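Coordinates from final-v4.pdb are shown below (PDB, C-alpha atoms, pLDDT in the B column).
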MODEL        1
ATOM      1  CA  MET A   1      40.487  60.192  32.139  1.00 53.00           C
ATOM      2  CA  ALA A   2      43.503  60.986  34.249  1.00 53.00           C
ATOM      3  CA  ASP A   3      44.764  60.420  37.745  1.00 49.00           C
ATOM      4  CA  ARG A   4      43.531  63.225  40.028  1.00 55.00           C
ATOM      5  CA  LYS A   5      46.858  63.308  41.851  1.00 66.00           C
ATOM      6  CA  LYS A   6      48.872  64.496  38.846  1.00 84.00           C
ATOM      7  CA  ASP A   7      50.620  67.807  39.300  1.00 92.00           C
ATOM      8  CA  TYR A   8      49.515  69.850  36.298  1.00 97.00           C
ATOM      9  CA  ASP A   9      51.346  72.892  34.970  1.00 97.00           C
ATOM     10  CA  ALA A  10      48.011  74.250  33.726  1.00 98.00           C
ATOM     11  CA  VAL A  11      44.357  73.271  34.022  1.00 98.00           C
ATOM     12  CA  ILE A  12      42.082  74.882  31.455  1.00 98.00           C
ATOM     13  CA  ASP A  13      38.522  74.696  30.217  1.00 97.00           C
ATOM     14  CA  SER A  14      37.911  73.600  26.648  1.00 97.00           C
ATOM     15  CA  PRO A  15      34.894  72.721  24.511  1.00 97.00           C
ATOM     16  CA  LEU A  16      35.612  69.114  25.561  1.00 96.00           C
ATOM     17  CA  GLY A  17      35.726  69.802  29.277  1.00 95.00           C
ATOM     18  CA  ARG A  18      38.636  70.502  31.559  1.00 97.00           C
ATOM     19  CA  LEU A  19      42.165  69.660  30.381  1.00 98.00           C
ATOM     20  CA  GLY A  20      45.190  69.030  32.597  1.00 98.00           C
ATOM     21  CA  ILE A  21      48.524  69.878  30.981  1.00 98.00           C
ATOM     22  CA  GLN A  22      52.007  68.785  32.014  1.00 97.00           C
ATOM     23  CA  ALA A  23      54.563  70.971  30.243  1.00 97.00           C
ATOM     24  CA  ARG A  24      57.767  72.042  31.889  1.00 93.00           C
ATOM     25  CA  ASP A  25      60.581  71.909  29.304  1.00 94.00           C
ATOM     26  CA  VAL A  26      58.577  69.647  26.977  1.00 97.00           C
ATOM     27  CA  LEU A  27      54.904  68.716  26.685  1.00 98.00           C
ATOM     28  CA  THR A  28      54.443  65.293  28.281  1.00 97.00           C
ATOM     29  CA  SER A  29      50.682  64.988  28.706  1.00 97.00           C
ATOM     30  CA  ILE A  30      47.243  66.406  28.117  1.00 97.00           C
ATOM     31  CA  ASP A  31      44.516  64.742  30.167  1.00 97.00           C
ATOM     32  CA  PHE A  32      40.734  65.016  30.075  1.00 96.00           C
ATOM     33  CA  ILE A  33      40.003  65.611  33.747  1.00 96.00           C
ATOM     34  CA  SER A  34      37.081  66.166  36.079  1.00 93.00           C
ATOM     35  CA  SER A  35      35.346  69.522  36.079  1.00 93.00           C
ATOM     36  CA  ARG A  36      35.860  69.437  39.862  1.00 94.00           C
ATOM     37  CA  THR A  37      39.611  69.849  39.362  1.00 94.00           C
ATOM     38  CA  ARG A  38      40.492  73.489  39.970  1.00 94.00           C
ATOM     39  CA  ARG A  39      41.616  75.564  37.029  1.00 96.00           C
ATOM     40  CA  ARG A  40      45.262  76.557  37.185  1.00 96.00           C
ATOM     41  CA  LEU A  41      46.907  79.346  35.255  1.00 97.00           C
ATOM     42  CA  PRO A  42      49.951  78.166  33.291  1.00 97.00           C
ATOM     43  CA  ARG A  43      52.947  78.113  35.573  1.00 96.00           C
ATOM     44  CA  THR A  44      55.652  77.614  32.940  1.00 97.00           C
ATOM     45  CA  PRO A  45      56.334  79.437  29.681  1.00 97.00           C
ATOM     46  CA  LEU A  46      55.750  76.207  27.763  1.00 98.00           C
ATOM     47  CA  ALA A  47      52.437  75.558  29.531  1.00 98.00           C
ATOM     48  CA  ARG A  48      51.402  79.050  28.443  1.00 98.00           C
ATOM     49  CA  ARG A  49      52.323  78.205  24.814  1.00 98.00           C
ATOM     50  CA  VAL A  50      50.386  74.930  25.012  1.00 98.00           C
ATOM     51  CA  CYS A  51      47.296  76.747  26.313  1.00 98.00           C
ATOM     52  CA  THR A  52      47.573  79.412  23.612  1.00 98.00           C
ATOM     53  CA  GLN A  53      47.948  76.823  20.852  1.00 98.00           C
ATOM     54  CA  LEU A  54      45.085  74.674  22.165  1.00 98.00           C
ATOM     55  CA  LYS A  55      42.825  77.739  22.210  1.00 98.00           C
ATOM     56  CA  ALA A  56      43.880  78.553  18.643  1.00 98.00           C
ATOM     57  CA  TYR A  57      43.090  74.951  17.606  1.00 98.00           C
ATOM     58  CA  PHE A  58      39.655  75.094  19.249  1.00 97.00           C
ATOM     59  CA  ASP A  59      38.989  78.401  17.451  1.00 97.00           C
ATOM     60  CA  ASP A  60      40.221  77.013  14.108  1.00 96.00           C
ATOM     61  CA  PRO A  61      41.310  73.374  13.689  1.00 96.00           C
ATOM     62  CA  LYS A  62      43.657  74.347  10.857  1.00 94.00           C
ATOM     63  CA  ASN A  63      45.968  75.982  13.411  1.00 95.00           C
ATOM     64  CA  ARG A  64      49.015  73.761  13.711  1.00 94.00           C
ATOM     65  CA  PHE A  65      50.804  72.828  16.897  1.00 97.00           C
ATOM     66  CA  HIS A  66      54.465  73.800  17.227  1.00 96.00           C
ATOM     67  CA  LEU A  67      55.476  72.398  20.582  1.00 97.00           C
ATOM     68  CA  PRO A  68      58.360  70.294  21.929  1.00 97.00           C
ATOM     69  CA  LEU A  69      56.891  66.879  22.705  1.00 97.00           C
ATOM     70  CA  ALA A  70      58.164  64.067  24.929  1.00 94.00           C
ATOM     71  CA  PRO A  71      55.336  61.541  25.139  1.00 92.00           C
ATOM     72  CA  GLY A  72      57.502  58.682  26.416  1.00 91.00           C
ATOM     73  CA  GLY A  73      56.397  55.279  25.174  1.00 94.00           C
ATOM     74  CA  THR A  74      58.047  52.387  23.402  1.00 96.00           C
ATOM     75  CA  PRO A  75      59.857  52.757  20.077  1.00 96.00           C
ATOM     76  CA  PHE A  76      56.816  51.205  18.350  1.00 97.00           C
ATOM     77  CA  GLN A  77      54.423  53.657  20.046  1.00 97.00           C
ATOM     78  CA  GLN A  78      56.708  56.537  19.058  1.00 96.00           C
ATOM     79  CA  ASN A  79      56.535  55.387  15.409  1.00 97.00           C
ATOM     80  CA  VAL A  80      52.734  55.212  15.524  1.00 97.00           C
ATOM     81  CA  TRP A  81      52.484  58.639  17.163  1.00 97.00           C
ATOM     82  CA  ARG A  82      54.768  60.162  14.498  1.00 96.00           C
ATOM     83  CA  ALA A  83      52.616  58.567  11.776  1.00 97.00           C
ATOM     84  CA  MET A  84      49.456  60.005  13.367  1.00 97.00           C
ATOM     85  CA  GLN A  85      50.981  63.481  13.329  1.00 96.00           C
ATOM     86  CA  ARG A  86      51.283  63.201   9.540  1.00 96.00           C
ATOM     87  CA  ILE A  87      47.507  62.702   9.104  1.00 96.00           C
ATOM     88  CA  PRO A  88      46.186  66.032   7.811  1.00 95.00           C
ATOM     89  CA  VAL A  89      43.431  67.941   9.603  1.00 95.00           C
ATOM     90  CA  GLY A  90      40.045  66.842   8.268  1.00 93.00           C
ATOM     91  CA  ARG A  91      41.328  63.419   7.202  1.00 95.00           C
ATOM     92  CA  VAL A  92      41.297  60.011   8.875  1.00 95.00           C
ATOM     93  CA  ARG A  93      43.288  56.800   8.481  1.00 95.00           C
ATOM     94  CA  ARG A  94      42.202  53.283   9.364  1.00 95.00           C
ATOM     95  CA  TYR A  95      44.041  51.319  12.020  1.00 96.00           C
ATOM     96  CA  GLY A  96      44.741  48.615   9.421  1.00 95.00           C
ATOM     97  CA  ASP A  97      46.143  51.050   6.842  1.00 96.00           C
ATOM     98  CA  LEU A  98      48.433  52.641   9.404  1.00 96.00           C
ATOM     99  CA  ALA A  99      49.481  49.157  10.521  1.00 96.00           C
ATOM    100  CA  LYS A 100      50.301  48.175   6.940  1.00 97.00           C
ATOM    101  CA  ASP A 101      52.491  51.272   6.558  1.00 96.00           C
ATOM    102  CA  LEU A 102      54.290  50.404   9.796  1.00 96.00           C
ATOM    103  CA  LYS A 103      54.504  46.653   9.003  1.00 96.00           C
ATOM    104  CA  SER A 104      52.460  45.876  12.081  1.00 96.00           C
ATOM    105  CA  ALA A 105      48.942  44.842  13.086  1.00 96.00           C
ATOM    106  CA  ALA A 106      45.811  46.945  13.507  1.00 94.00           C
ATOM    107  CA  ARG A 107      45.426  45.926  17.169  1.00 94.00           C
ATOM    108  CA  ALA A 108      48.978  47.043  17.921  1.00 96.00           C
ATOM    109  CA  VAL A 109      48.262  50.428  16.322  1.00 96.00           C
ATOM    110  CA  GLY A 110      45.065  50.628  18.394  1.00 94.00           C
ATOM    111  CA  GLY A 111      47.088  49.926  21.531  1.00 95.00           C
ATOM    112  CA  ALA A 112      49.487  52.746  20.681  1.00 96.00           C
ATOM    113  CA  CYS A 113      46.542  55.083  20.073  1.00 96.00           C
ATOM    114  CA  ARG A 114      45.078  54.141  23.461  1.00 95.00           C
ATOM    115  CA  ALA A 115      48.461  54.833  25.145  1.00 96.00           C
ATOM    116  CA  ASN A 116      48.864  58.290  23.556  1.00 96.00           C
ATOM    117  CA  PRO A 117      49.537  60.705  26.442  1.00 97.00           C
ATOM    118  CA  ILE A 118      49.145  63.858  24.327  1.00 97.00           C
ATOM    119  CA  PRO A 119      45.745  63.619  22.608  1.00 97.00           C
ATOM    120  CA  ILE A 120      44.663  66.447  20.310  1.00 97.00           C
ATOM    121  CA  VAL A 121      48.291  67.468  19.639  1.00 98.00           C
ATOM    122  CA  ILE A 122      49.132  63.875  18.655  1.00 97.00           C
ATOM    123  CA  PRO A 123      45.843  63.303  16.812  1.00 97.00           C
ATOM    124  CA  CYS A 124      44.889  59.727  17.690  1.00 96.00           C
ATOM    125  CA  HIS A 125      41.266  60.760  17.069  1.00 96.00           C
ATOM    126  CA  ARG A 126      42.070  60.722  13.326  1.00 96.00           C
ATOM    127  CA  VAL A 127      42.549  56.942  13.390  1.00 96.00           C
ATOM    128  CA  ILE A 128      39.347  54.944  12.856  1.00 94.00           C
ATOM    129  CA  SER A 129      38.342  51.320  12.405  1.00 91.00           C
ATOM    130  CA  ALA A 130      37.386  49.688   9.125  1.00 89.00           C
ATOM    131  CA  THR A 131      33.746  49.579  10.249  1.00 88.00           C
ATOM    132  CA  GLY A 132      33.274  52.834  12.149  1.00 85.00           C
ATOM    133  CA  LEU A 133      34.923  55.187  14.582  1.00 87.00           C
ATOM    134  CA  GLY A 134      36.763  52.576  16.590  1.00 87.00           C
ATOM    135  CA  GLY A 135      37.646  53.637  20.108  1.00 84.00           C
ATOM    136  CA  PHE A 136      39.149  56.569  21.948  1.00 85.00           C
ATOM    137  CA  MET A 137      41.140  56.442  25.183  1.00 84.00           C
ATOM    138  CA  GLY A 138      40.366  52.728  25.389  1.00 80.00           C
ATOM    139  CA  ALA A 139      36.585  53.144  25.214  1.00 78.00           C
ATOM    140  CA  THR A 140      34.159  52.356  22.403  1.00 80.00           C
ATOM    141  CA  GLN A 141      31.238  54.288  23.864  1.00 81.00           C
ATOM    142  CA  GLY A 142      30.392  56.997  26.359  1.00 85.00           C
ATOM    143  CA  ARG A 143      32.190  60.289  27.000  1.00 88.00           C
ATOM    144  CA  ALA A 144      35.469  59.215  25.375  1.00 90.00           C
ATOM    145  CA  LEU A 145      33.820  58.373  22.066  1.00 91.00           C
ATOM    146  CA  GLY A 146      31.848  61.616  22.268  1.00 93.00           C
ATOM    147  CA  ILE A 147      35.161  63.484  22.492  1.00 95.00           C
ATOM    148  CA  LYS A 148      36.444  61.681  19.382  1.00 95.00           C
ATOM    149  CA  ARG A 149      33.231  62.494  17.492  1.00 94.00           C
ATOM    150  CA  TRP A 150      33.490  66.153  18.502  1.00 96.00           C
ATOM    151  CA  LEU A 151      37.148  66.399  17.405  1.00 97.00           C
ATOM    152  CA  LEU A 152      36.425  64.798  14.024  1.00 96.00           C
ATOM    153  CA  ALA A 153      33.383  67.035  13.441  1.00 96.00           C
ATOM    154  CA  HIS A 154      35.430  70.094  14.497  1.00 97.00           C
ATOM    155  CA  GLU A 155      38.107  69.224  11.924  1.00 96.00           C
ATOM    156  CA  ARG A 156      35.738  68.357   9.091  1.00 90.00           C
ATOM    157  CA  THR A 157      36.721  70.391   6.065  1.00 57.00           C
ATOM    158  CA  ASP A 158      34.033  69.252   3.591  1.00 48.00           C
TER     159      ASP A 158
ENDMDL
END
As structure tokens, please, write out the structure in this file.
Amino acid sequence: MADRKKDYDAVIDSPLGRLGIQARDVLTSIDFISSRTRRRLPRTPLARRVCTQLKAYFDDPKNRFHLPLAPGGTPFQQNVWRAMQRIPVGRVRRYGDLAKDLKSAARAVGGACRANPIPIVIPCHRVISATGLGGFMGATQGRALGIKRWLLAHERTD
């Protein structure tokens, strides 16, 4: 959950609750925010594109995102986030398997997932533990894990 003092370029409702979007020239963050935060119409052309593409994803998870991203982060986090973007809709990868591909450790991959500032678009929800769902946004229960469950169920292509 995000800092209430962030200046969002759009605040929209979604099936997961309210989302705060920072997107001026590039998309830098999507935050799950309080329902008390006022909705805000997109105030940049890119924020409008982000909103349109998120709506398309929520209508049909096979819709792909085509957005300029600048999530910040360390070089290692950037590598993990790029690897997550290659996980197809409806599929998951284990932290350990992703770590093996990146010549790293599962906990380090989990840390990069937790630090992901652009969830949904960079699909950290598609990374699970060897014994279950793992965590989401640093939590292993509660609302955050409910969001991960919803996203995975939404993408299920069985």
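From CA of Gly90 (chain A) back to CA of Leu102 (chain A), the distance works out to 21.8 Å.
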Exercise for the section: Choose the residue, out of A:Lys100, A:Val89, A:Ala56, A:Asn116, that has the smallest atom-to-atom separation from Ile30 (chain A); count all atoms listed in the file. Expected result: A:Asn116
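The closest residue to Pro88 (chain A), picked from A:Ser14, A:Asn63, A:Thr74, A:Ser35 and counting only C-alpha atoms, is A:Asn63.
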Problem - Surrounding residues of region 143-145 of chain A excluding itself and chain neighbours under 3 positions, 12 Å, all atoms listed in the file, as a PyMOL selection string - result: chain A and resi 1+16-17+31-34+114+119+124-125+128+132-140+148-152
Exercise for the section: Could you list the residues chosen by the PyMOL selection byres ((chain A and resi 51) around 9) in this structure as a list of chain:residue names? Expected result: A:Ala10, A:Val11, A:Ile12, A:Ile21, A:Pro42, A:Leu46, A:Ala47, A:Arg48, A:Arg49, A:Val50, A:Thr52, A:Gln53, A:Leu54, A:Lys55, A:Ala56
For the selection you just gave me, I'd like the residues written to a file as a compact mmCIF listing (two decimals), keeping the file's coordinate frame, keeping C-alpha atoms.
# COMPACT_ATOMS: atom_id res chain seq x y z
CA ALA A 10 48.01 74.25 33.73
CA VAL A 11 44.36 73.27 34.02
CA ILE A 12 42.08 74.88 31.46
CA ILE A 21 48.52 69.88 30.98
CA PRO A 42 49.95 78.17 33.29
CA LEU A 46 55.75 76.21 27.76
CA ALA A 47 52.44 75.56 29.53
CA ARG A 48 51.40 79.05 28.44
CA ARG A 49 52.32 78.20 24.81
CA VAL A 50 50.39 74.93 25.01
CA THR A 52 47.57 79.41 23.61
CA GLN A 53 47.95 76.82 20.85
CA LEU A 54 45.08 74.67 22.16
CA LYS A 55 42.82 77.74 22.21
CA ALA A 56 43.88 78.55 18.64
Practice task
In Å, rounded to a single decimal, give me how far CA of Thr28 (chain A) is from CA of Arg86 (chain A).
Solution key: 19.1 Å
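Between CA of Arg40 (chain A) and CA of Tyr8 (chain A) lies a distance of 8.0 Å.
Put simply, the PyMOL selection byres ((chain A and resi 80) around 9) in this file takes in Pro75, Phe76, Gln77, Gln78, Asn79, Trp81, Arg82, Ala83, Met84, Gln85, Leu98, Ala99, Leu102, Val109, Ala112 and Cys113 of chain A.
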Handout entry: Output check: residues returned by the PyMOL selection byres ((chain A and resi 96) around 10), as number ranges by chain
Key = A: 93-95, 97-110, 127-130
Completion exercise
Across A:Val26, A:Gly111, A:Thr44, A:Ile87, the smallest distance to Pro71 (chain A), with all atoms listed in the file counted, is shown by A:Val26
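Closest to Ser29 (chain A) among A:Val92, A:Ile147, A:Leu41, A:Val121 is A:Val121, based on only C-alpha atoms.
With only C-alpha atoms as the basis for measurement, A:Phe58 is the residue among A:Ile118, A:Pro68, A:Gly73, A:Phe58 that approaches Glu155 (chain A) most closely.
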Please, could all heavy atoms be added to region 36-47 of chain A and the result written as a PDB file, in the frame of the given file?
ATOM      1  N   ARG A  36      35.645  69.068  38.457  1.00 94.00           N
ATOM      2  CA  ARG A  36      35.860  69.437  39.862  1.00 94.00           C
ATOM      3  C   ARG A  36      37.313  69.811  40.134  1.00 94.00           C
ATOM      4  O   ARG A  36      37.621  70.397  41.167  1.00 94.00           O
ATOM      5  CB  ARG A  36      35.432  68.291  40.776  1.00 94.00           C
ATOM      6  CG  ARG A  36      33.921  68.068  40.762  1.00 94.00           C
ATOM      7  CD  ARG A  36      33.491  67.027  41.769  1.00 94.00           C
ATOM      8  NE  ARG A  36      34.142  65.753  41.589  1.00 94.00           N
ATOM      9  CZ  ARG A  36      33.683  64.753  40.842  1.00 94.00           C
ATOM     10  NH1 ARG A  36      32.552  64.882  40.208  1.00 94.00           N
ATOM     11  NH2 ARG A  36      34.336  63.630  40.745  1.00 94.00           N
ATOM     12  N   THR A  37      38.208  69.463  39.203  1.00 94.00           N
ATOM     13  CA  THR A  37      39.611  69.849  39.362  1.00 94.00           C
ATOM     14  C   THR A  37      39.709  71.355  39.147  1.00 94.00           C
ATOM     15  O   THR A  37      39.172  71.880  38.180  1.00 94.00           O
ATOM     16  CB  THR A  37      40.502  69.120  38.327  1.00 94.00           C
ATOM     17  OG1 THR A  37      40.312  67.714  38.467  1.00 94.00           O
ATOM     18  CG2 THR A  37      41.964  69.461  38.530  1.00 94.00           C
ATOM     19  N   ARG A  38      40.379  72.029  40.062  1.00 94.00           N
ATOM     20  CA  ARG A  38      40.492  73.489  39.970  1.00 94.00           C
ATOM     21  C   ARG A  38      41.304  73.902  38.754  1.00 94.00           C
ATOM     22  O   ARG A  38      42.314  73.288  38.432  1.00 94.00           O
ATOM     23  CB  ARG A  38      41.187  74.034  41.210  1.00 94.00           C
ATOM     24  CG  ARG A  38      40.335  73.977  42.418  1.00 94.00           C
ATOM     25  CD  ARG A  38      41.109  74.542  43.586  1.00 94.00           C
ATOM     26  NE  ARG A  38      40.159  74.838  44.626  1.00 94.00           N
ATOM     27  CZ  ARG A  38      40.214  75.885  45.401  1.00 94.00           C
ATOM     28  NH1 ARG A  38      41.203  76.743  45.273  1.00 94.00           N
ATOM     29  NH2 ARG A  38      39.308  76.080  46.318  1.00 94.00           N
ATOM     30  N   ARG A  39      40.840  74.978  38.121  1.00 96.00           N
ATOM     31  CA  ARG A  39      41.616  75.564  37.029  1.00 96.00           C
ATOM     32  C   ARG A  39      42.930  76.082  37.599  1.00 96.00           C
ATOM     33  O   ARG A  39      43.001  76.504  38.748  1.00 96.00           O
ATOM     34  CB  ARG A  39      40.843  76.697  36.370  1.00 96.00           C
ATOM     35  CG  ARG A  39      39.736  76.214  35.452  1.00 96.00           C
ATOM     36  CD  ARG A  39      39.086  77.370  34.730  1.00 96.00           C
ATOM     37  NE  ARG A  39      38.449  78.276  35.668  1.00 96.00           N
ATOM     38  CZ  ARG A  39      37.148  78.306  35.933  1.00 96.00           C
ATOM     39  NH1 ARG A  39      36.334  77.503  35.296  1.00 96.00           N
ATOM     40  NH2 ARG A  39      36.658  79.142  36.809  1.00 96.00           N
ATOM     41  N   ARG A  40      43.951  76.044  36.765  1.00 96.00           N
ATOM     42  CA  ARG A  40      45.262  76.557  37.185  1.00 96.00           C
ATOM     43  C   ARG A  40      45.849  77.335  36.015  1.00 96.00           C
ATOM     44  O   ARG A  40      45.942  76.822  34.901  1.00 96.00           O
ATOM     45  CB  ARG A  40      46.187  75.399  37.546  1.00 96.00           C
ATOM     46  CG  ARG A  40      47.628  75.841  37.746  1.00 96.00           C
ATOM     47  CD  ARG A  40      48.540  74.721  38.116  1.00 96.00           C
ATOM     48  NE  ARG A  40      48.434  74.565  39.557  1.00 96.00           N
ATOM     49  CZ  ARG A  40      48.868  73.508  40.221  1.00 96.00           C
ATOM     50  NH1 ARG A  40      49.421  72.511  39.593  1.00 96.00           N
ATOM     51  NH2 ARG A  40      48.741  73.457  41.532  1.00 96.00           N
ATOM     52  N   LEU A  41      46.226  78.567  36.278  1.00 97.00           N
ATOM     53  CA  LEU A  41      46.907  79.346  35.255  1.00 97.00           C
ATOM     54  C   LEU A  41      48.222  78.659  34.902  1.00 97.00           C
ATOM     55  O   LEU A  41      48.839  78.023  35.770  1.00 97.00           O
ATOM     56  CB  LEU A  41      47.172  80.767  35.760  1.00 97.00           C
ATOM     57  CG  LEU A  41      45.944  81.633  35.984  1.00 97.00           C
ATOM     58  CD1 LEU A  41      46.336  82.950  36.649  1.00 97.00           C
ATOM     59  CD2 LEU A  41      45.228  81.874  34.672  1.00 97.00           C
ATOM     60  N   PRO A  42      48.679  78.788  33.671  1.00 97.00           N
ATOM     61  CA  PRO A  42      49.951  78.166  33.291  1.00 97.00           C
ATOM     62  C   PRO A  42      51.074  78.661  34.186  1.00 97.00           C
ATOM     63  O   PRO A  42      51.205  79.860  34.433  1.00 97.00           O
ATOM     64  CB  PRO A  42      50.156  78.629  31.842  1.00 97.00           C
ATOM     65  CG  PRO A  42      48.797  79.014  31.365  1.00 97.00           C
ATOM     66  CD  PRO A  42      48.049  79.504  32.568  1.00 97.00           C
ATOM     67  N   ARG A  43      51.862  77.710  34.675  1.00 96.00           N
ATOM     68  CA  ARG A  43      52.947  78.113  35.573  1.00 96.00           C
ATOM     69  C   ARG A  43      54.331  77.966  34.955  1.00 96.00           C
ATOM     70  O   ARG A  43      55.330  78.144  35.647  1.00 96.00           O
ATOM     71  CB  ARG A  43      52.852  77.366  36.898  1.00 96.00           C
ATOM     72  CG  ARG A  43      52.962  75.885  36.824  1.00 96.00           C
ATOM     73  CD  ARG A  43      52.835  75.312  38.219  1.00 96.00           C
ATOM     74  NE  ARG A  43      52.948  73.863  38.177  1.00 96.00           N
ATOM     75  CZ  ARG A  43      52.815  73.097  39.209  1.00 96.00           C
ATOM     76  NH1 ARG A  43      52.564  73.633  40.384  1.00 96.00           N
ATOM     77  NH2 ARG A  43      52.923  71.792  39.089  1.00 96.00           N
ATOM     78  N   THR A  44      54.381  77.621  33.661  1.00 97.00           N
ATOM     79  CA  THR A  44      55.652  77.614  32.940  1.00 97.00           C
ATOM     80  C   THR A  44      55.436  78.305  31.602  1.00 97.00           C
ATOM     81  O   THR A  44      54.301  78.335  31.093  1.00 97.00           O
ATOM     82  CB  THR A  44      56.175  76.180  32.684  1.00 97.00           C
ATOM     83  OG1 THR A  44      55.308  75.528  31.744  1.00 97.00           O
ATOM     84  CG2 THR A  44      56.269  75.357  33.970  1.00 97.00           C
ATOM     85  N   PRO A  45      56.492  78.833  31.011  1.00 97.00           N
ATOM     86  CA  PRO A  45      56.334  79.437  29.681  1.00 97.00           C
ATOM     87  C   PRO A  45      55.787  78.440  28.653  1.00 97.00           C
ATOM     88  O   PRO A  45      54.941  78.797  27.830  1.00 97.00           O
ATOM     89  CB  PRO A  45      57.749  79.906  29.331  1.00 97.00           C
ATOM     90  CG  PRO A  45      58.409  80.127  30.660  1.00 97.00           C
ATOM     91  CD  PRO A  45      57.836  79.059  31.558  1.00 97.00           C
ATOM     92  N   LEU A  46      56.248  77.193  28.717  1.00 98.00           N
ATOM     93  CA  LEU A  46      55.750  76.207  27.763  1.00 98.00           C
ATOM     94  C   LEU A  46      54.278  75.905  28.013  1.00 98.00           C
ATOM     95  O   LEU A  46      53.497  75.788  27.053  1.00 98.00           O
ATOM     96  CB  LEU A  46      56.571  74.919  27.802  1.00 98.00           C
ATOM     97  CG  LEU A  46      56.099  73.842  26.829  1.00 98.00           C
ATOM     98  CD1 LEU A  46      56.095  74.353  25.378  1.00 98.00           C
ATOM     99  CD2 LEU A  46      56.932  72.583  26.962  1.00 98.00           C
ATOM    100  N   ALA A  47      53.865  75.790  29.242  1.00 98.00           N
ATOM    101  CA  ALA A  47      52.437  75.558  29.531  1.00 98.00           C
ATOM    102  C   ALA A  47      51.596  76.697  28.966  1.00 98.00           C
ATOM    103  O   ALA A  47      50.508  76.458  28.421  1.00 98.00           O
ATOM    104  CB  ALA A  47      52.216  75.407  31.030  1.00 98.00           C
TER     105      ALA A  47
END
